[in-house]
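Colleague: Contents are mmCIF, C-alpha atoms; file name run.cif:
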data_query
loop_
_atom_site.group_PDB
_atom_site.id
_atom_site.type_symbol
_atom_site.label_atom_id
_atom_site.label_comp_id
_atom_site.auth_asym_id
_atom_site.auth_seq_id
_atom_site.Cartn_x
_atom_site.Cartn_y
_atom_site.Cartn_z
ATOM 1 C CA MET A 26 238.164 28.489 37.845
ATOM 2 C CA ARG A 27 235.924 31.532 37.630
ATOM 3 C CA LEU A 28 236.933 34.184 35.135
ATOM 4 C CA ASN A 29 236.785 37.908 35.676
ATOM 5 C CA LEU A 30 235.572 39.946 32.702
ATOM 6 C CA SER A 31 237.530 43.032 33.746
ATOM 7 C CA GLU A 32 240.793 41.040 33.717
ATOM 8 C CA TRP A 33 240.206 39.996 30.118
ATOM 9 C CA PHE A 34 238.493 42.968 28.507
ATOM 10 C CA HIS A 35 238.353 46.604 29.537
ATOM 11 C CA THR A 36 234.824 47.386 28.414
ATOM 12 C CA ASP A 37 235.013 50.867 29.956
ATOM 13 C CA GLU A 38 237.267 51.747 26.983
ATOM 14 C CA CYS A 39 234.459 50.841 24.565
ATOM 15 C CA PRO A 40 231.788 53.502 24.144
ATOM 16 C CA ALA A 41 229.800 51.579 21.511
ATOM 17 C CA GLN A 42 227.238 49.028 22.692
ATOM 18 C CA TRP A 43 228.139 46.581 19.880
ATOM 19 C CA GLU A 44 231.734 46.478 21.158
ATOM 20 C CA ILE A 45 230.645 45.736 24.718
ATOM 21 C CA GLU A 46 228.234 43.018 23.570
ATOM 22 C CA PHE A 47 230.942 41.448 21.403
ATOM 23 C CA LEU A 48 233.477 41.416 24.263
ATOM 24 C CA HIS A 49 230.963 39.973 26.734
ATOM 25 C CA ALA A 50 230.094 37.204 24.278
ATOM 26 C CA LEU A 51 233.777 36.498 23.524
ATOM 27 C CA TYR A 52 234.516 36.389 27.241
ATOM 28 C CA VAL A 53 232.029 33.515 27.678
ATOM 29 C CA HIS A 54 234.351 31.409 25.518
ATOM 30 C CA ALA A 55 237.553 32.330 27.394
ATOM 31 C CA GLN A 56 237.465 29.296 29.694
ATOM 32 C CA GLN A 57 237.875 27.063 26.638
ATOM 33 C CA TRP A 58 241.266 28.630 25.943
ATOM 34 C CA GLN A 59 242.937 28.109 29.321
ATOM 35 C CA HIS A 60 244.066 24.534 28.605
ATOM 36 C CA LEU A 61 245.835 25.967 25.548
ATOM 37 C CA GLY A 62 247.954 28.222 27.734
ATOM 38 C CA ILE A 63 246.056 31.380 26.749
ATOM 39 C CA SER A 64 245.123 33.754 29.538
ATOM 40 C CA PHE A 65 244.224 37.415 29.884
ATOM 41 C CA ASP A 66 247.970 38.159 30.048
ATOM 42 C CA ASP A 67 248.211 37.036 26.418
ATOM 43 C CA MET A 68 245.458 39.361 25.172
ATOM 44 C CA LEU A 69 245.791 42.769 23.545
ATOM 45 C CA MET A 70 242.916 45.053 22.677
ATOM 46 C CA GLN A 71 242.751 48.320 20.780
ATOM 47 C CA ARG A 72 239.965 50.276 19.189
ATOM 48 C CA ASP A 73 239.165 53.248 17.049
ATOM 49 C CA ASP A 74 235.838 54.701 15.913
ATOM 50 C CA SER A 75 234.834 51.810 13.642
ATOM 51 C CA LEU A 76 237.128 48.929 14.590
ATOM 52 C CA LEU A 77 237.664 46.786 17.655
ATOM 53 C CA THR A 78 240.820 44.655 17.506
ATOM 54 C CA VAL A 79 241.431 41.803 19.924
ATOM 55 C CA ALA A 80 244.597 39.733 19.618
ATOM 56 C CA PHE A 81 245.945 36.742 21.502
ATOM 57 C CA ASP A 82 249.575 35.664 21.731
ATOM 58 C CA VAL A 83 250.335 31.983 21.313
ATOM 59 C CA SER A 84 253.629 31.666 23.159
ATOM 60 C CA SER A 85 256.335 29.283 24.209
ATOM 61 C CA LYS A 86 256.826 30.138 27.858
ATOM 62 C CA GLU A 87 259.986 28.006 28.002
ATOM 63 C CA TYR A 88 261.649 30.018 25.226
ATOM 64 C CA ARG A 89 259.925 33.303 26.162
ATOM 65 C CA LYS A 90 258.810 33.691 22.571
ATOM 66 C CA VAL A 91 255.572 34.704 20.911
ATOM 67 C CA LEU A 92 254.994 32.164 18.157
ATOM 68 C CA ARG A 93 251.774 33.523 16.672
ATOM 69 C CA MET A 94 249.500 36.489 17.263
ATOM 70 C CA LEU A 95 245.920 35.492 16.480
ATOM 71 C CA ARG A 96 243.941 38.596 15.623
ATOM 72 C CA ILE A 97 240.247 39.445 15.485
ATOM 73 C CA ASP A 98 239.175 42.683 13.778
ATOM 74 C CA PHE A 99 235.493 43.409 14.422
ATOM 75 C CA TYR A 100 233.746 46.226 12.535
ATOM 76 C CA GLY A 101 230.213 45.692 13.850
ATOM 77 C CA THR A 102 228.841 43.953 10.749
ATOM 78 C CA ARG A 103 232.091 42.438 9.489
ATOM 79 C CA ILE A 104 234.897 40.432 11.046
ATOM 80 C CA LEU A 105 238.408 39.576 9.861
ATOM 81 C CA LEU A 106 240.362 36.751 11.484
ATOM 82 C CA GLY A 107 244.035 35.932 10.922
ATOM 83 C CA ASP A 108 247.614 35.958 12.114
ATOM 84 C CA ASP A 109 249.017 39.428 12.713
ATOM 85 C CA GLU A 110 252.139 39.413 10.547
ATOM 86 C CA THR A 111 253.813 42.262 12.438
ATOM 87 C CA TYR A 112 253.061 41.027 15.991
ATOM 88 C CA GLN A 113 252.422 44.709 16.763
ATOM 89 C CA LEU A 114 248.916 45.436 15.411
ATOM 90 C CA VAL A 115 250.316 48.155 13.160
ATOM 91 C CA THR A 116 248.883 47.038 9.808
ATOM 92 C CA ASP A 117 245.407 46.017 8.739
ATOM 93 C CA LEU A 118 244.567 42.375 8.168
ATOM 94 C CA ASN A 119 244.381 41.914 4.424
ATOM 95 C CA PRO A 120 241.130 40.199 3.376
ATOM 96 C CA GLN A 121 242.843 39.239 0.088
ATOM 97 C CA ASN A 122 245.349 37.101 2.027
ATOM 98 C CA LEU A 123 244.345 33.440 1.762
ATOM 99 C CA ASN A 124 245.061 32.955 5.487
ATOM 100 C CA VAL A 125 242.648 35.718 6.531
ATOM 101 C CA ILE A 126 239.005 34.800 7.047
ATOM 102 C CA SER A 127 236.444 37.481 6.289
ATOM 103 C CA PHE A 128 232.813 37.217 7.339
ATOM 104 C CA GLU A 129 230.160 39.875 6.832
ATOM 105 C CA ASP A 130 226.502 39.917 7.875
ATOM 106 C CA ILE A 131 224.617 43.217 8.082
ATOM 107 C CA ASN A 132 221.997 41.504 10.280
ATOM 108 C CA GLY A 133 224.541 39.646 12.411
ATOM 109 C CA THR A 134 224.570 40.145 16.176
ATOM 110 C CA PRO A 135 227.705 40.808 18.207
ATOM 111 C CA GLN A 136 227.030 37.435 19.894
ATOM 112 C CA ALA A 137 227.058 35.608 16.537
ATOM 113 C CA PHE A 138 230.290 37.320 15.494
ATOM 114 C CA ALA A 139 231.897 36.506 18.865
ATOM 115 C CA ASP A 140 230.858 32.854 18.553
ATOM 116 C CA PHE A 141 232.344 32.708 15.042
ATOM 117 C CA ALA A 142 235.582 34.341 16.250
ATOM 118 C CA ALA A 143 235.808 32.078 19.312
ATOM 119 C CA GLN A 144 235.463 28.937 17.188
ATOM 120 C CA TRP A 145 238.219 30.154 14.896
ATOM 121 C CA LEU A 146 240.457 31.108 17.835
ATOM 122 C CA LEU A 147 239.979 27.740 19.521
ATOM 123 C CA ARG A 148 240.763 25.915 16.269
ATOM 124 C CA GLU A 149 243.877 28.003 15.537
ATOM 125 C CA ALA A 150 245.197 28.003 19.107
ATOM 126 C CA SER A 151 244.771 24.210 19.224
ATOM 127 C CA ARG A 152 247.113 23.651 16.293
ATOM 128 C CA ALA A 153 250.303 21.910 17.376
ATOM 129 C CA ILE A 154 253.560 23.818 17.021
ATOM 130 C CA GLU A 155 256.795 21.864 16.887
ATOM 131 C CA LEU A 156 260.259 23.154 17.670
ATOM 132 C CA HIS A 157 262.814 21.808 15.189
ATOM 133 C CA GLU A 158 266.406 22.213 16.380
ATOM 134 C CA TRP A 159 269.741 21.808 14.674
ATOM 135 C CA GLY A 160 272.932 22.412 16.577
ATOM 136 C CA ASN A 161 276.509 21.667 17.436
ATOM 137 C CA SER A 162 279.122 23.236 19.693
ATOM 138 C CA ARG A 163 279.631 26.192 17.300
ATOM 139 C CA SER A 164 276.096 27.124 16.245
ATOM 140 C CA TYR A 165 272.379 26.405 16.516
ATOM 141 C CA HIS A 166 269.273 26.929 14.444
ATOM 142 C CA ARG A 167 265.643 26.665 15.633
ATOM 143 C CA ARG A 168 262.388 26.733 13.710
ATOM 144 C CA TRP A 169 258.929 26.733 15.242
ATOM 145 C CA ILE A 170 256.671 24.967 12.763
ATOM 146 C CA LEU A 171 252.923 24.384 12.501
ATOM 147 C CA ALA A 172 252.803 20.589 12.676
ATOM 148 C CA ASP A 173 249.810 20.216 10.348
ATOM 149 C CA THR A 174 251.184 22.295 7.443
ATOM 150 C CA GLY A 175 254.945 22.504 7.996
ATOM 151 C CA GLN A 176 254.738 26.314 7.880
ATOM 152 C CA CYS A 177 257.519 28.046 9.794
ATOM 153 C CA VAL A 178 255.994 30.602 12.178
ATOM 154 C CA SER A 179 259.229 31.739 13.826
ATOM 155 C CA MET A 180 262.944 31.032 13.816
ATOM 156 C CA SER A 181 266.059 31.680 15.826
ATOM 157 C CA ASP A 182 269.612 31.300 14.596
ATOM 158 C CA PHE A 183 273.093 31.731 16.012
ATOM 159 C CA HIS A 184 273.944 33.986 13.041
ATOM 160 C CA CYS A 185 270.486 35.620 12.874
ATOM 161 C CA LYS A 186 269.652 34.351 9.396
ATOM 162 C CA MET A 187 267.287 31.876 7.788
ATOM 163 C CA ARG A 188 269.147 28.888 6.439
ATOM 164 C CA GLY A 189 268.349 26.719 3.486
ATOM 165 C CA GLU A 190 268.133 22.956 3.711
ATOM 166 C CA LEU A 191 269.696 21.728 6.938
ATOM 167 C CA GLY A 192 268.776 18.075 6.702
ATOM 168 C CA PRO A 193 266.693 16.400 9.364
ATOM 169 C CA PRO A 194 266.582 18.259 12.694
ATOM 170 C CA ASP A 195 268.591 16.939 15.622
ATOM 171 C CA ARG A 196 265.563 17.258 17.848
ATOM 172 C CA VAL A 197 261.810 17.833 17.422
ATOM 173 C CA THR A 198 259.653 18.844 20.395
ATOM 174 C CA ILE A 199 255.988 19.824 20.590
ATOM 175 C CA VAL A 200 255.952 23.220 22.337
ATOM 176 C CA HIS A 201 252.287 24.132 21.865
ATOM 177 C CA PRO A 202 249.710 23.435 23.091
ATOM 178 C CA PRO A 203 251.300 23.025 26.511
ATOM 179 C CA GLN A 204 251.523 19.306 27.243
ATOM 180 C CA ASN A 205 251.170 19.650 31.005
ATOM 181 C CA LYS A 206 247.856 21.571 30.818
ATOM 182 C CA ARG A 207 245.711 19.043 28.972
#
Have the structure of the file written as structure tokens, please.
Modeller:
Amino acid sequence: MRLNLSEWFHTDECPAQWEIEFLHALYVHAQQWQHLGISFDDMLMQRDDSLLTVAFDVSSKEYRKVLRMLRIDFYGTRILLGDDETYQLVTDLNPQNLNVISFEDINGTPQAFADFAAQWLLREASRAIELHEWGNSRSYHRRWILADTGQCVSMSDFHCKMRGELGPPDRVTIVHPPQNKR
């Protein structure tokens, strides 16, 4: 399937050449993400004078739920990579957070930064997410969990609250990456 740059990235919104070069280089990697269920519909982009932010939603289409928002903040000579904790791009990624990767190279090219970001995105978007479900006729509780670390990335509950120890789940299902797109 041939990709269309203008569907993925609106380079006309980027006046700086380094932004355009970064987006073109990142776009080259986009075909690698399709089997993970990531398309241009899952991408958000915003910019200001010194920062280009590109974020990708990792979603469960079945549950109509964004499970993670993988975010790339590119400053021209520095890049920050991590999960957007707000899912709204309203706060800065914190380089002091252990889950945020920071890379700086004053001689780095936009291509090199895009390659670095694309490798990280592919690795993170490839991580399996399991849905753990507990339920009976009166209530339910769901947790979406990174399979490799056990970290809860999202939850849903009949009473809208996080619960303590629930015992083993009644059902565990892998919801990401999409099983039918491999």
Colleague: Can you tell me how far atom CA of A:Trp169 sits from atom CA of A:Leu147, in Å to one decimal?
Modeller: 19.5 Å
Colleague: If we draw a sphere of 12 Å around (238.2, 31.1, 16.2), which residues have at least one atom in it when counting only C-alpha atoms? Please report them as number ranges by chain.
Modeller: A: 51, 54-55, 57-58, 79-81, 95-98, 104-108, 125-127, 138-152
Colleague: Expand the PyMOL selection byres ((chain A and resi 173) around 8) into the explicit residue set it covers here, and present it as a VMD selection string.
Modeller: chain A and resid 152 to 153 171 to 172 174 to 175
Colleague: A:Leu156, A:Met70, A:Ile131, A:Ala137: which is nearest A:Leu114, counting all atoms listed in the file?
Modeller: A:Met70
Colleague: Taking into account all atoms listed in the file, which residue in the set A:Phe65, A:His157, A:Gly133, A:Arg167 is nearest to A:Tyr52?
Modeller: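 Among the listed residues, A:Phe65 lies closest to A:Tyr52.
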Colleague: Using all atoms listed in the file for the distances, tell me which of A:Asp109, A:Val83, A:His60, A:Val200 is nearest to A:Asn124.
Modeller: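 Closest to A:Asn124, using all atoms listed in the file: A:Asp109.
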Colleague: Atom CA of A:Leu92 to atom CA of A:Gln136: how many Å, to one decimal?
Modeller: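 A separation of 28.5 Å between them.
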Colleague: What separation in Å, quoted to one decimal, exists between atom CA of A:Gln176 and atom CA of A:Ser64?
Modeller: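 Between atom CA of A:Gln176 and atom CA of A:Ser64 the gap works out to 24.8 Å.
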Colleague: When you look at stretch 184-195 of chain A with a cut-off of 10 Å (counting only C-alpha atoms), what residues show up, excluding the ones that are within fewer than 2 positions of it in the same chain? I need them as a list of chain:residue names.
Modeller: A:Leu156, A:His157, A:Glu158, A:Trp159, A:Gly160, A:Asn161, A:Ser164, A:Tyr165, A:His166, A:Arg167, A:Arg168, A:Met180, A:Ser181, A:Asp182, A:Val197
Colleague: Which residue gives the smallest distance to A:Leu61 among A:Glu38, A:Pro203, A:Glu46, A:Phe183, with only C-alpha atoms counted?
Modeller: A:Pro203
Colleague: With all atoms listed in the file as the atoms that count, which of A:Glu44, A:Asp117, A:Arg103, A:His49 lies nearest to A:Asp130?
Modeller: A:Arg103
Colleague: Rank A:Thr134, A:Met68, A:Ile45, A:Pro202 by their smallest atom-to-atom distance to A:Glu155, using all atoms listed in the file, and report the top residue only.
Modeller: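 Closest to A:Glu155 of all the choices is A:Pro202.
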Colleague: What are the centre and the three edge lengths of an axis-aligned box that wraps all atoms of stretch 157-169 of chain A in the file, given that 3 Å is added to every side, written as lines of an AutoDock Vina configuration file and rounded to one decimal in Å?
Modeller:
center_x = 269.3
center_y = 24.4
center_z = 16.7
size_x = 26.7
size_y = 11.5
size_z = 12.0
Colleague: Excluding A:Leu76 and any residue of its chain fewer than 2 positions from it, enumerate the residues within 9 Å of it, using all atoms listed in the file, and give them as number ranges by chain.
Modeller: A: 44, 71-74, 78, 98-101
